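The data block below is input.txt; it holds compact mmCIF, C-alpha atoms.
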# COMPACT_ATOMS: atom_id res chain seq x y z
CA MET A 1 25.35 16.98 -21.78
CA GLU A 2 25.66 19.64 -19.06
CA LEU A 3 22.52 18.39 -17.25
CA LEU A 4 23.72 14.79 -17.28
CA GLU A 5 27.17 15.83 -16.05
CA THR A 6 25.51 17.67 -13.15
CA LEU A 7 23.29 14.71 -12.27
CA TYR A 8 26.24 12.33 -12.52
CA GLY A 9 28.13 14.43 -9.99
CA MET A 10 25.22 14.49 -7.55
CA LYS A 11 25.21 11.23 -5.60
CA ALA A 12 21.97 10.52 -3.77
CA LYS A 13 22.23 9.28 -0.18
CA ASN A 14 19.79 8.15 2.50
CA SER A 15 20.12 9.93 5.82
CA LEU A 16 18.38 7.01 7.51
CA PHE A 17 17.24 3.66 6.18
CA TYR A 18 15.94 0.39 7.54
CA ASP A 19 15.75 -2.85 5.60
CA ARG A 20 12.57 -3.72 3.75
CA LYS A 21 11.31 -7.16 2.78
CA VAL A 22 11.45 -6.17 -0.88
CA LYS A 23 14.89 -6.46 -2.46
CA ILE A 24 16.15 -5.46 -5.92
CA GLU A 25 17.23 -8.74 -7.48
CA TYR A 26 16.89 -8.23 -11.23
CA LYS A 27 18.98 -6.03 -13.51
CA LYS A 28 15.88 -4.73 -15.27
CA THR A 29 13.34 -3.81 -12.59
CA ILE A 30 10.27 -1.59 -12.33
CA ILE A 31 9.41 -0.80 -8.72
CA TYR A 32 5.87 0.52 -8.50
CA GLY A 33 3.64 1.50 -5.62
CA PRO A 34 1.97 4.50 -4.00
CA LYS A 35 3.94 7.67 -3.52
CA LYS A 36 5.59 7.84 -0.10
CA SER A 37 5.79 4.05 0.21
CA GLY A 38 9.60 4.19 0.24
CA LYS A 39 10.57 3.43 -3.38
CA THR A 40 13.26 6.10 -3.63
CA HIS A 41 14.87 5.12 -0.33
CA LEU A 42 14.91 1.47 -1.39
CA VAL A 43 16.70 2.31 -4.65
CA VAL A 44 19.17 4.78 -3.14
CA ASP A 45 20.10 2.25 -0.46
CA TYR A 46 20.71 -0.32 -3.20
CA LEU A 47 23.05 2.06 -5.04
CA GLN A 48 25.32 2.48 -2.02
CA LYS A 49 26.65 -1.05 -2.64
CA PHE A 50 28.35 0.07 -5.84
CA ASP A 51 31.14 2.45 -6.76
CA LYS A 52 29.73 5.95 -7.16
CA ASN A 53 31.09 6.20 -10.71
CA GLU A 54 29.15 3.13 -11.81
CA TRP A 55 25.67 4.65 -11.55
CA LEU A 56 23.57 7.57 -12.72
CA TYR A 57 20.48 8.60 -10.74
CA ILE A 58 17.78 10.79 -12.31
CA ASP A 59 14.69 11.94 -10.41
CA PHE A 60 11.96 12.92 -12.87
CA ASP A 61 10.07 14.68 -10.06
CA ASP A 62 12.96 17.10 -9.57
CA VAL A 63 11.83 20.39 -11.15
CA ARG A 64 15.46 21.20 -11.93
CA VAL A 65 15.55 18.34 -14.42
CA ASP A 66 14.65 19.48 -17.93
CA LYS A 67 13.06 16.33 -19.35
CA PHE A 68 13.37 17.65 -22.92
CA GLU A 69 17.14 17.35 -22.61
CA LEU A 70 16.94 13.68 -21.64
CA THR A 71 16.60 12.11 -25.06
CA ASP A 72 17.39 8.46 -25.69
CA GLU A 73 20.37 9.43 -27.83
CA LYS A 74 21.91 11.75 -25.24
CA LEU A 75 21.39 9.26 -22.43
CA ASN A 76 22.85 6.37 -24.40
CA ASN A 77 25.91 8.38 -25.44
CA PHE A 78 26.50 9.54 -21.86
CA ILE A 79 26.10 6.01 -20.45
CA LYS A 80 28.55 4.63 -22.99
CA THR A 81 31.13 7.42 -22.59
CA ASN A 82 31.16 7.18 -18.77
CA HIS A 83 30.94 3.38 -18.60
CA ILE A 84 27.81 3.58 -16.44
CA LYS A 85 26.55 0.18 -15.33
CA ILE A 86 23.41 1.17 -13.40
CA LEU A 87 20.82 3.73 -14.47
CA VAL A 88 18.05 4.75 -12.04
CA LEU A 89 14.99 6.56 -13.41
CA ASP A 90 13.14 7.60 -10.27
CA ASN A 91 9.49 8.71 -10.63
CA PHE A 92 9.88 7.93 -14.33
CA ASP A 93 7.35 9.32 -16.81
CA PHE A 94 8.31 6.84 -19.56
CA SER A 95 9.25 9.65 -21.94
CA CYS A 96 12.31 7.65 -23.04
CA ASP A 97 11.88 4.13 -24.36
CA SER A 98 15.13 3.02 -26.02
CA ILE A 99 17.74 3.46 -23.29
CA LYS A 100 20.58 0.96 -23.24
CA CYS A 101 22.34 0.17 -19.98
CA GLU A 102 23.51 -3.01 -18.27
CA GLU A 103 21.13 -2.41 -15.36
CA ILE A 104 18.07 -0.14 -15.32
CA ILE A 105 15.89 0.46 -12.24
CA ILE A 106 12.66 2.40 -12.67
CA THR A 107 10.29 3.64 -9.97
CA THR A 108 6.72 4.75 -10.64
CA ASP A 109 3.35 5.00 -8.91
CA ASP A 110 1.60 3.66 -12.02
CA ASN A 111 1.06 -0.07 -11.63
CA THR A 112 -0.01 -0.38 -15.28
CA ALA A 113 3.50 0.58 -16.44
CA TYR A 114 5.16 -2.17 -18.45
CA ILE A 115 8.36 -2.58 -20.44
CA LYS A 116 9.17 -5.87 -22.09
CA GLY A 117 11.93 -7.73 -20.29
CA PHE A 118 11.50 -5.85 -16.99
CA TYR A 119 10.56 -7.50 -13.70
CA LYS A 120 7.81 -5.65 -11.82
CA GLN A 121 8.04 -5.35 -8.06
CA PHE A 122 5.32 -3.72 -5.96
CA LEU A 123 6.35 -1.83 -2.82
CA TYR A 124 3.62 -1.47 -0.23
CA PRO A 125 3.77 0.79 2.81
CA LEU A 126 5.28 -0.91 5.85
CA ASP A 127 3.50 -3.96 7.15
CA PHE A 128 3.61 -4.73 10.87
CA GLU A 129 6.73 -6.87 10.63
CA GLU A 130 8.62 -4.11 8.77
CA PHE A 131 7.25 -1.51 11.16
CA ILE A 132 8.89 -3.33 14.07
CA ALA A 133 12.29 -2.84 12.38
CA PHE A 134 11.58 0.89 11.93
CA ASP A 135 10.46 1.51 15.52
CA GLN A 136 13.55 1.58 17.70
CA LYS A 137 11.84 2.86 20.88
CA HIS A 138 9.32 0.20 21.79
CA PHE A 139 9.97 -3.45 22.49
CA ASN A 140 6.65 -4.69 23.83
CA VAL A 141 4.58 -6.09 20.95
CA GLU A 142 1.37 -4.51 22.21
CA GLN A 143 3.04 -1.09 22.44
CA LEU A 144 4.36 -1.57 18.92
CA PHE A 145 0.89 -2.46 17.70
CA ASN A 146 -0.65 0.61 19.37
CA ARG A 147 1.82 2.92 17.64
CA PHE A 148 1.43 1.09 14.33
CA SER A 149 -2.36 1.41 14.49
CA ASN A 150 -2.07 5.18 14.98
CA THR A 151 0.75 6.08 12.59
CA GLY A 152 0.18 3.60 9.76
CA GLY A 153 2.88 2.31 7.45
CA LEU A 154 4.20 5.27 5.46
CA PRO A 155 7.92 5.31 6.31
CA GLU A 156 8.35 9.08 6.60
CA VAL A 157 5.36 9.26 8.96
CA VAL A 158 6.61 6.36 11.07
CA LEU A 159 10.01 8.03 11.45
CA TYR A 160 8.40 11.34 12.38
CA THR A 161 8.94 11.91 16.09
CA GLU A 162 6.38 14.63 16.85
CA ASP A 163 3.07 14.00 18.60
CA ASN A 164 0.93 15.64 15.91
CA PHE A 165 1.00 12.76 13.47
CA HIS A 166 -2.19 13.98 11.83
CA LYS A 167 -0.34 17.00 10.39
CA LYS A 168 2.35 14.78 8.91
CA LEU A 169 -0.33 12.45 7.53
CA GLN A 170 -2.10 15.42 5.93
CA LYS A 171 1.05 16.73 4.27
CA THR A 172 2.14 13.29 3.11
CA THR A 173 -1.29 12.56 1.63
CA ARG A 174 -1.57 15.93 -0.10
CA ASP A 175 1.85 15.40 -1.67
CA ILE A 176 0.42 12.40 -3.50
CA PHE A 177 -2.07 14.55 -5.42
CA THR A 178 -1.58 17.50 -7.75
CA ASN A 179 -5.30 17.93 -8.43
CA GLU A 180 -7.51 19.26 -5.61
CA LYS A 181 -10.64 17.46 -6.82
CA GLU A 182 -8.79 14.16 -6.93
CA PHE A 183 -7.63 14.75 -3.38
CA LEU A 184 -11.18 15.49 -2.19
CA ILE A 185 -12.47 12.34 -3.87
CA PHE A 186 -9.73 10.31 -2.20
CA LYS A 187 -10.60 11.96 1.13
CA LYS A 188 -14.23 10.89 0.70
CA PHE A 189 -13.15 7.30 0.08
CA CYS A 190 -11.03 7.49 3.24
CA GLU A 191 -14.08 8.64 5.20
CA MET A 192 -15.88 5.50 3.95
CA GLN A 193 -13.07 3.21 5.14
CA SER A 194 -14.14 -0.45 5.58
CA THR A 195 -17.69 0.45 4.55
CA LYS A 196 -19.92 -0.87 1.79
CA VAL A 197 -20.40 1.85 -0.77
CA SER A 198 -21.29 2.48 -4.40
CA LEU A 199 -19.79 5.18 -6.62
CA TYR A 200 -23.29 6.59 -6.98
CA GLN A 201 -23.38 7.20 -3.21
CA ILE A 202 -19.97 8.86 -3.36
CA PHE A 203 -21.17 11.07 -6.22
CA ASN A 204 -24.28 12.18 -4.33
CA GLN A 205 -22.24 13.08 -1.25
CA LEU A 206 -19.67 15.06 -3.23
CA LYS A 207 -21.78 16.92 -5.79
CA SER A 208 -23.12 19.38 -3.21
CA LYS A 209 -19.58 20.31 -2.17
CA ILE A 210 -17.60 20.37 -5.42
CA LYS A 211 -18.43 20.67 -9.09
CA ILE A 212 -18.10 17.14 -10.36
CA SER A 213 -19.47 14.84 -13.04
CA LYS A 214 -20.12 11.12 -12.78
CA ASP A 215 -17.60 10.47 -15.55
CA PHE A 216 -14.90 12.41 -13.71
CA LEU A 217 -15.60 10.52 -10.49
CA TYR A 218 -15.49 7.15 -12.26
CA ASN A 219 -12.23 8.06 -13.99
CA VAL A 220 -10.63 9.21 -10.74
CA SER A 221 -11.89 6.10 -8.94
CA ASN A 222 -10.37 3.86 -11.62
CA ASN A 223 -7.10 5.78 -11.41
CA LEU A 224 -7.00 5.49 -7.60
CA GLN A 225 -7.48 1.74 -7.94
CA LYS A 226 -4.82 1.43 -10.65
CA ARG A 227 -2.37 3.27 -8.42
CA GLU A 228 -3.49 1.03 -5.53
CA LEU A 229 -4.39 3.98 -3.34
CA ILE A 230 -7.81 2.46 -2.72
CA TYR A 231 -9.18 -1.06 -3.00
CA LEU A 232 -12.81 -1.91 -3.67
CA LEU A 233 -13.52 -5.41 -2.40
CA LYS A 234 -16.33 -7.33 -4.09
CA LYS A 235 -19.00 -9.36 -2.38
CA TYR A 236 -18.70 -13.08 -3.06
CA ASN A 237 -20.91 -14.24 -5.95
CA GLN A 238 -22.67 -10.85 -6.11
CA GLU A 239 -20.95 -8.78 -8.79
CA LYS A 240 -23.42 -5.88 -8.59
CA ALA A 241 -23.44 -5.57 -4.80
CA ALA A 242 -21.85 -2.57 -3.10
CA LYS A 243 -18.09 -2.91 -2.61
CA LYS A 244 -16.14 -2.37 0.58
CA VAL A 245 -13.57 0.43 0.57
CA TYR A 246 -10.06 -0.06 1.91
CA ILE A 247 -7.21 2.46 1.85
CA PHE A 248 -3.58 1.73 0.96
CA ASP A 249 -2.56 3.01 4.40
CA PHE A 250 -5.13 2.37 7.12
CA ALA A 251 -4.14 5.37 9.29
CA ILE A 252 -4.58 8.09 6.65
CA LYS A 253 -8.18 8.66 7.69
CA ASN A 254 -6.84 9.84 11.08
CA GLY A 255 -5.18 12.77 9.36
CA LEU A 256 -8.12 13.70 7.12
CA THR A 257 -11.10 13.61 9.46
CA PHE A 258 -11.97 13.98 13.14
CA LYS A 259 -14.12 10.85 12.91
CA LYS A 260 -12.38 7.94 14.58
CA ASP A 261 -13.49 4.34 14.22
CA PHE A 262 -10.92 1.87 15.45
CA LEU A 263 -12.93 -1.16 14.34
CA LYS A 264 -12.95 0.03 10.71
CA ARG A 265 -9.25 0.94 10.93
CA PHE A 266 -8.48 -2.50 12.38
CA GLU A 267 -10.41 -4.18 9.56
CA ASN A 268 -8.38 -2.18 7.01
CA MET A 269 -5.16 -3.29 8.75
CA VAL A 270 -6.19 -6.94 8.44
CA PHE A 271 -7.18 -6.44 4.80
CA LEU A 272 -3.75 -5.04 3.88
CA GLU A 273 -1.91 -7.90 5.55
CA LEU A 274 -4.09 -10.36 3.65
CA TYR A 275 -3.87 -8.52 0.35
CA LYS A 276 -0.09 -8.80 0.27
CA ARG A 277 -0.47 -12.58 0.41
CA ASP A 278 -3.92 -13.55 -0.89
CA LYS A 279 -5.22 -11.13 -3.50
CA GLU A 280 -8.13 -13.35 -4.53
CA MET A 281 -10.61 -12.64 -1.76
CA TYR A 282 -14.13 -11.32 -1.19
CA TYR A 283 -16.41 -10.35 1.63
CA SER A 284 -19.69 -12.04 2.49
CA ASP A 285 -22.58 -11.36 4.86
CA TYR A 286 -20.81 -12.83 7.88
CA ILE A 287 -17.19 -13.13 6.78
CA ASP A 288 -14.98 -10.06 6.55
CA PHE A 289 -12.61 -11.78 4.15
CA PHE A 290 -13.22 -15.00 2.24
CA ILE A 291 -10.08 -16.51 0.68
CA THR A 292 -11.59 -18.71 -1.98
CA ASP A 293 -8.65 -20.90 -3.01
CA LYS A 294 -7.95 -21.87 0.61
CA ARG A 295 -11.61 -22.06 1.67
CA GLU A 296 -10.66 -19.91 4.64
CA GLY A 297 -12.46 -17.03 6.28
CA VAL A 298 -11.09 -14.16 8.36
CA ILE A 299 -13.22 -12.28 10.89
CA CYS A 300 -12.08 -9.12 12.70
CA ALA A 301 -13.15 -9.21 16.35
CA PRO A 302 -10.58 -7.22 18.33
CA PHE A 303 -12.50 -7.03 21.61
CA THR A 304 -15.21 -9.73 21.51
CA GLN A 305 -14.97 -12.44 24.17
CA ILE A 306 -14.67 -16.09 23.13
CA GLU A 307 -18.04 -17.25 24.50
CA ARG A 308 -19.88 -14.55 22.60
CA ILE A 309 -17.90 -15.40 19.47
CA LYS A 310 -18.84 -19.07 19.78
CA ALA A 311 -22.53 -18.16 20.00
CA LYS A 312 -22.29 -15.91 16.94
CA MET A 313 -20.44 -18.53 14.91
CA LYS A 314 -23.05 -21.16 15.77
CA SER A 315 -25.88 -18.92 14.54
CA ARG A 316 -24.06 -18.42 11.22
CA ASN A 317 -23.19 -22.05 10.60
CA SER A 318 -25.42 -22.46 7.53
CA HIS A 319 -23.69 -19.51 5.85
CA PHE A 320 -20.25 -20.97 6.57
CA THR A 321 -21.38 -24.35 5.26
CA ASN A 322 -22.65 -22.80 2.02
CA LEU A 323 -19.21 -21.24 1.49
CA LYS A 324 -17.61 -24.64 2.16
CA LEU A 325 -15.29 -23.09 4.72
CA GLN A 326 -12.70 -25.33 6.32
CA LYS A 327 -10.99 -22.80 8.56
CA ILE A 328 -11.94 -19.45 10.11
CA TRP A 329 -9.38 -17.12 11.66
CA ILE A 330 -10.76 -14.68 14.21
CA VAL A 331 -8.23 -11.86 14.56
CA THR A 332 -8.29 -10.27 18.01
CA LEU A 333 -6.33 -7.93 20.26
CA GLY A 334 -5.44 -10.49 22.87
CA ASN A 335 -8.05 -13.24 22.97
CA ILE A 336 -6.64 -16.67 22.20
CA GLY A 337 -8.41 -19.98 21.67
CA ASP A 338 -9.40 -22.81 19.36
CA PHE A 339 -12.71 -24.57 18.92
CA LYS A 340 -14.56 -26.61 16.34
CA GLN A 341 -18.17 -26.38 15.22
CA ASN A 342 -19.85 -28.47 12.54
CA GLY A 343 -16.55 -29.55 11.02
CA ILE A 344 -15.08 -26.03 10.82
CA ASN A 345 -11.92 -25.15 12.76
CA PHE A 346 -11.95 -21.74 14.47
CA THR A 347 -8.84 -20.02 15.82
CA LEU A 348 -8.83 -16.83 17.90
CA ILE A 349 -5.45 -15.19 17.52
CA PRO A 350 -4.02 -11.75 18.37
CA PHE A 351 -3.21 -9.58 15.35
CA TRP A 352 0.55 -9.61 16.03
CA ASP A 353 0.72 -13.40 16.36
CA TRP A 354 -1.42 -13.84 13.23
CA VAL A 355 0.83 -11.52 11.21
CA LEU A 356 4.24 -12.63 12.47
CA GLY A 357 3.35 -16.31 12.33
CA ARG A 358 2.02 -16.35 8.76
Same coordinates, now as structure tokens:
Amino acid sequence: MELLETLYGMKAKNSLFYDRKVKIEYKKTIIYGPKKSGKTHLVVDYLQKFDKNEWLYIDFDDVRVDKFELTDEKLNNFIKTNHIKILVLDNFDFSCDSIKCEEIIITTDDNTAYIKGFYKQFLYPLDFEEFIAFDQKHFNVEQLFNRFSNTGGLPEVVLYTEDNFHKKLQKTTRDIFTNEKEFLIFKKFCEMQSTKVSLYQIFNQLKSKIKISKDFLYNVSNNLQKRELIYLLKKYNQEKAAKKVYIFDFAIKNGLTFKKDFLKRFENMVFLELYKRDKEMYYSDYIDFFITDKREGVICAPFTQIERIKAKMKSRNSHFTNLKLQKIWIVTLGNIGDFKQNGINFTLIPFWDWVLGR
């Protein structure tokens, strides 16, 4: 019991915390999401509402914690003896499966984790609306967007005040991986951000640099998708077509490569905002994102002028008609306007208005 007594006496605190959209509302909750997305801070902030003697916090990533001592029997006896109401298993490895407590909160980066009777809540990195709450220095929405587009949505990077964000991005990203090959595969996916790619192409580009098998690459790719570190978007009605790669935080590429492509980063930003709301979507030849249940399309055109957009949309009318589109959002960086062509409503809207108004 010595370990549990020590952990019980150590009360976790947040040095700095800003509210997130996600709230803990169920007594049996699994919070999952990528490492560094803010799961621990969310839970620790929640605990501050209760008397310190009512909860026990265990971080399974803490090397000082001997997991072999944390048996179900020992935990249950300790919880009962100390009248603990809330048990937090942070970065849980699911080594215990019969723990009894009035309230149990689990955090993990494995989105396949499941325990009967538990509510699952995904925590993404900051979206633009949450970012605004974190940034206390800028008040102009365009300034906020510029910083957001450079730093991304990982809370500890956003709160980092130094100019060399790329170093913080590198460290934060490396902390996610314990295996160097997995990190290099993830880095390659980041380099292909917002690009159509097949795993065979990835394999051919990597095999000359690291010793790797196709099976290993496929396994790592599946794991990265399960952990929602990457997303591979399918082409509509073409299952075998190359998929488009998006990263769980659009700015990570800035820290991993000198290659800069704002248009691809912007597209990834739009994807993440959509994914949080409309997971059933595809890309097509002329639509960046096709939301099938709403028959809506989203096109990323940050700098294109409205007259040029109108001409492009007119030339693609037959494609839009085949998809039975009713509405197309054209996400910009300032251009505003509405027009209608062949029964389809088009709206040009700045990214910040599109996000905050949805």
List as a Markdown table every residue of range 3-115 of chain A that is in contact with range 217-231 of chain A, defined as an atom at most 12 Å from one of its atoms (using only C-alpha atoms), together with the nearest atom pair and the distance in Å rounded to one decimal, sorted by chain and then rising number.
| residue | atom | partner | partner_atom | distance |
| --- | --- | --- | --- | --- |
| A:Tyr32 | CA | A:Arg227 | CA | 8.7 |
| A:Gly33 | CA | A:Arg227 | CA | 6.9 |
| A:Pro34 | CA | A:Arg227 | CA | 6.3 |
| A:Lys35 | CA | A:Leu229 | CA | 9.1 |
| A:Lys36 | CA | A:Leu229 | CA | 11.2 |
| A:Ser37 | CA | A:Leu229 | CA | 10.8 |
| A:Thr108 | CA | A:Arg227 | CA | 9.5 |
| A:Asp109 | CA | A:Arg227 | CA | 6.0 |
| A:Asp110 | CA | A:Arg227 | CA | 5.4 |
| A:Asn111 | CA | A:Arg227 | CA | 5.8 |
| A:Thr112 | CA | A:Lys226 | CA | 6.9 |
| A:Ala113 | CA | A:Lys226 | CA | 10.2 |
Exercise for review: Tell me which protein, DNA and RNA residues are within 12 Å of Trp354 in chain A, counting only C-alpha atoms, leaving out same-chain ones fewer than 5 positions away, and put them as JSON, numbers by chain.
Suggested key: {"A": [128, 129, 270, 273, 274, 298, 300, 329, 330, 331, 332, 333, 334, 335, 336, 347, 348, 349]}
Check your understanding: Quick one: residues within 8 Å of range 140-150 of chain A, all atoms listed in the file counted, chain neighbours fewer than 5 positions away excluded, as a PyMOL selection string?
Key -> chain A and resi 128+131-132+135+250-251+254+265-266+269+352
Check your understanding: CA of Ile106 in chain A and CA of Asp62 in chain A are how many Å apart?
Key -> 15.0 Å
For range 114-128 of chain A, I'd like the enclosing box, axis-aligned and padded by 4 Å on every side, reported as JSON with centre and edge lengths in Å to one decimal.
{"center_x": 7.7, "center_y": -3.5, "center_z": -5.6, "size_x": 16.4, "size_y": 16.5, "size_z": 41.0}
Study note, to complete from the structure: Atom pair CA of Leu4 in chain A + CA of Ile104 in chain A, distance 16.1 Å
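With all atoms listed in the file as the basis for measurement, A:Lys253 is the residue among A:Lys100, A:Lys253, A:Lys234, A:Lys240 that approaches Gln170 in chain A most closely.
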Practice item. Could you check which of A:Phe139, A:Phe262, A:Ser194, A:Phe248 is closest to Thr173 in chain A, using all atoms listed in the file? Key: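 Going through A:Phe139, A:Phe262, A:Ser194, A:Phe248 one by one, the smallest distance to Thr173 in chain A is for A:Phe248.
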Exercise for review: For Ala12 in chain A, work out the shell of residues within 12 Å, counting all atoms listed in the file and skipping chain neighbours fewer than 3 positions away, then give it as number ranges by chain.
Suggested key: A: 7-9, 15, 40-48, 52, 55-59, 88, 90
Revision key, fill the gap. Between CA of Phe271 in chain A and CA of Arg308 in chain A lies a distance of 23.3 Å
Review point. For Val157 in chain A, which residue among A:Ile328, A:Val22, A:Ile79, A:Ile252 is the nearest when counting only C-alpha atoms?
Key: A:Ile252
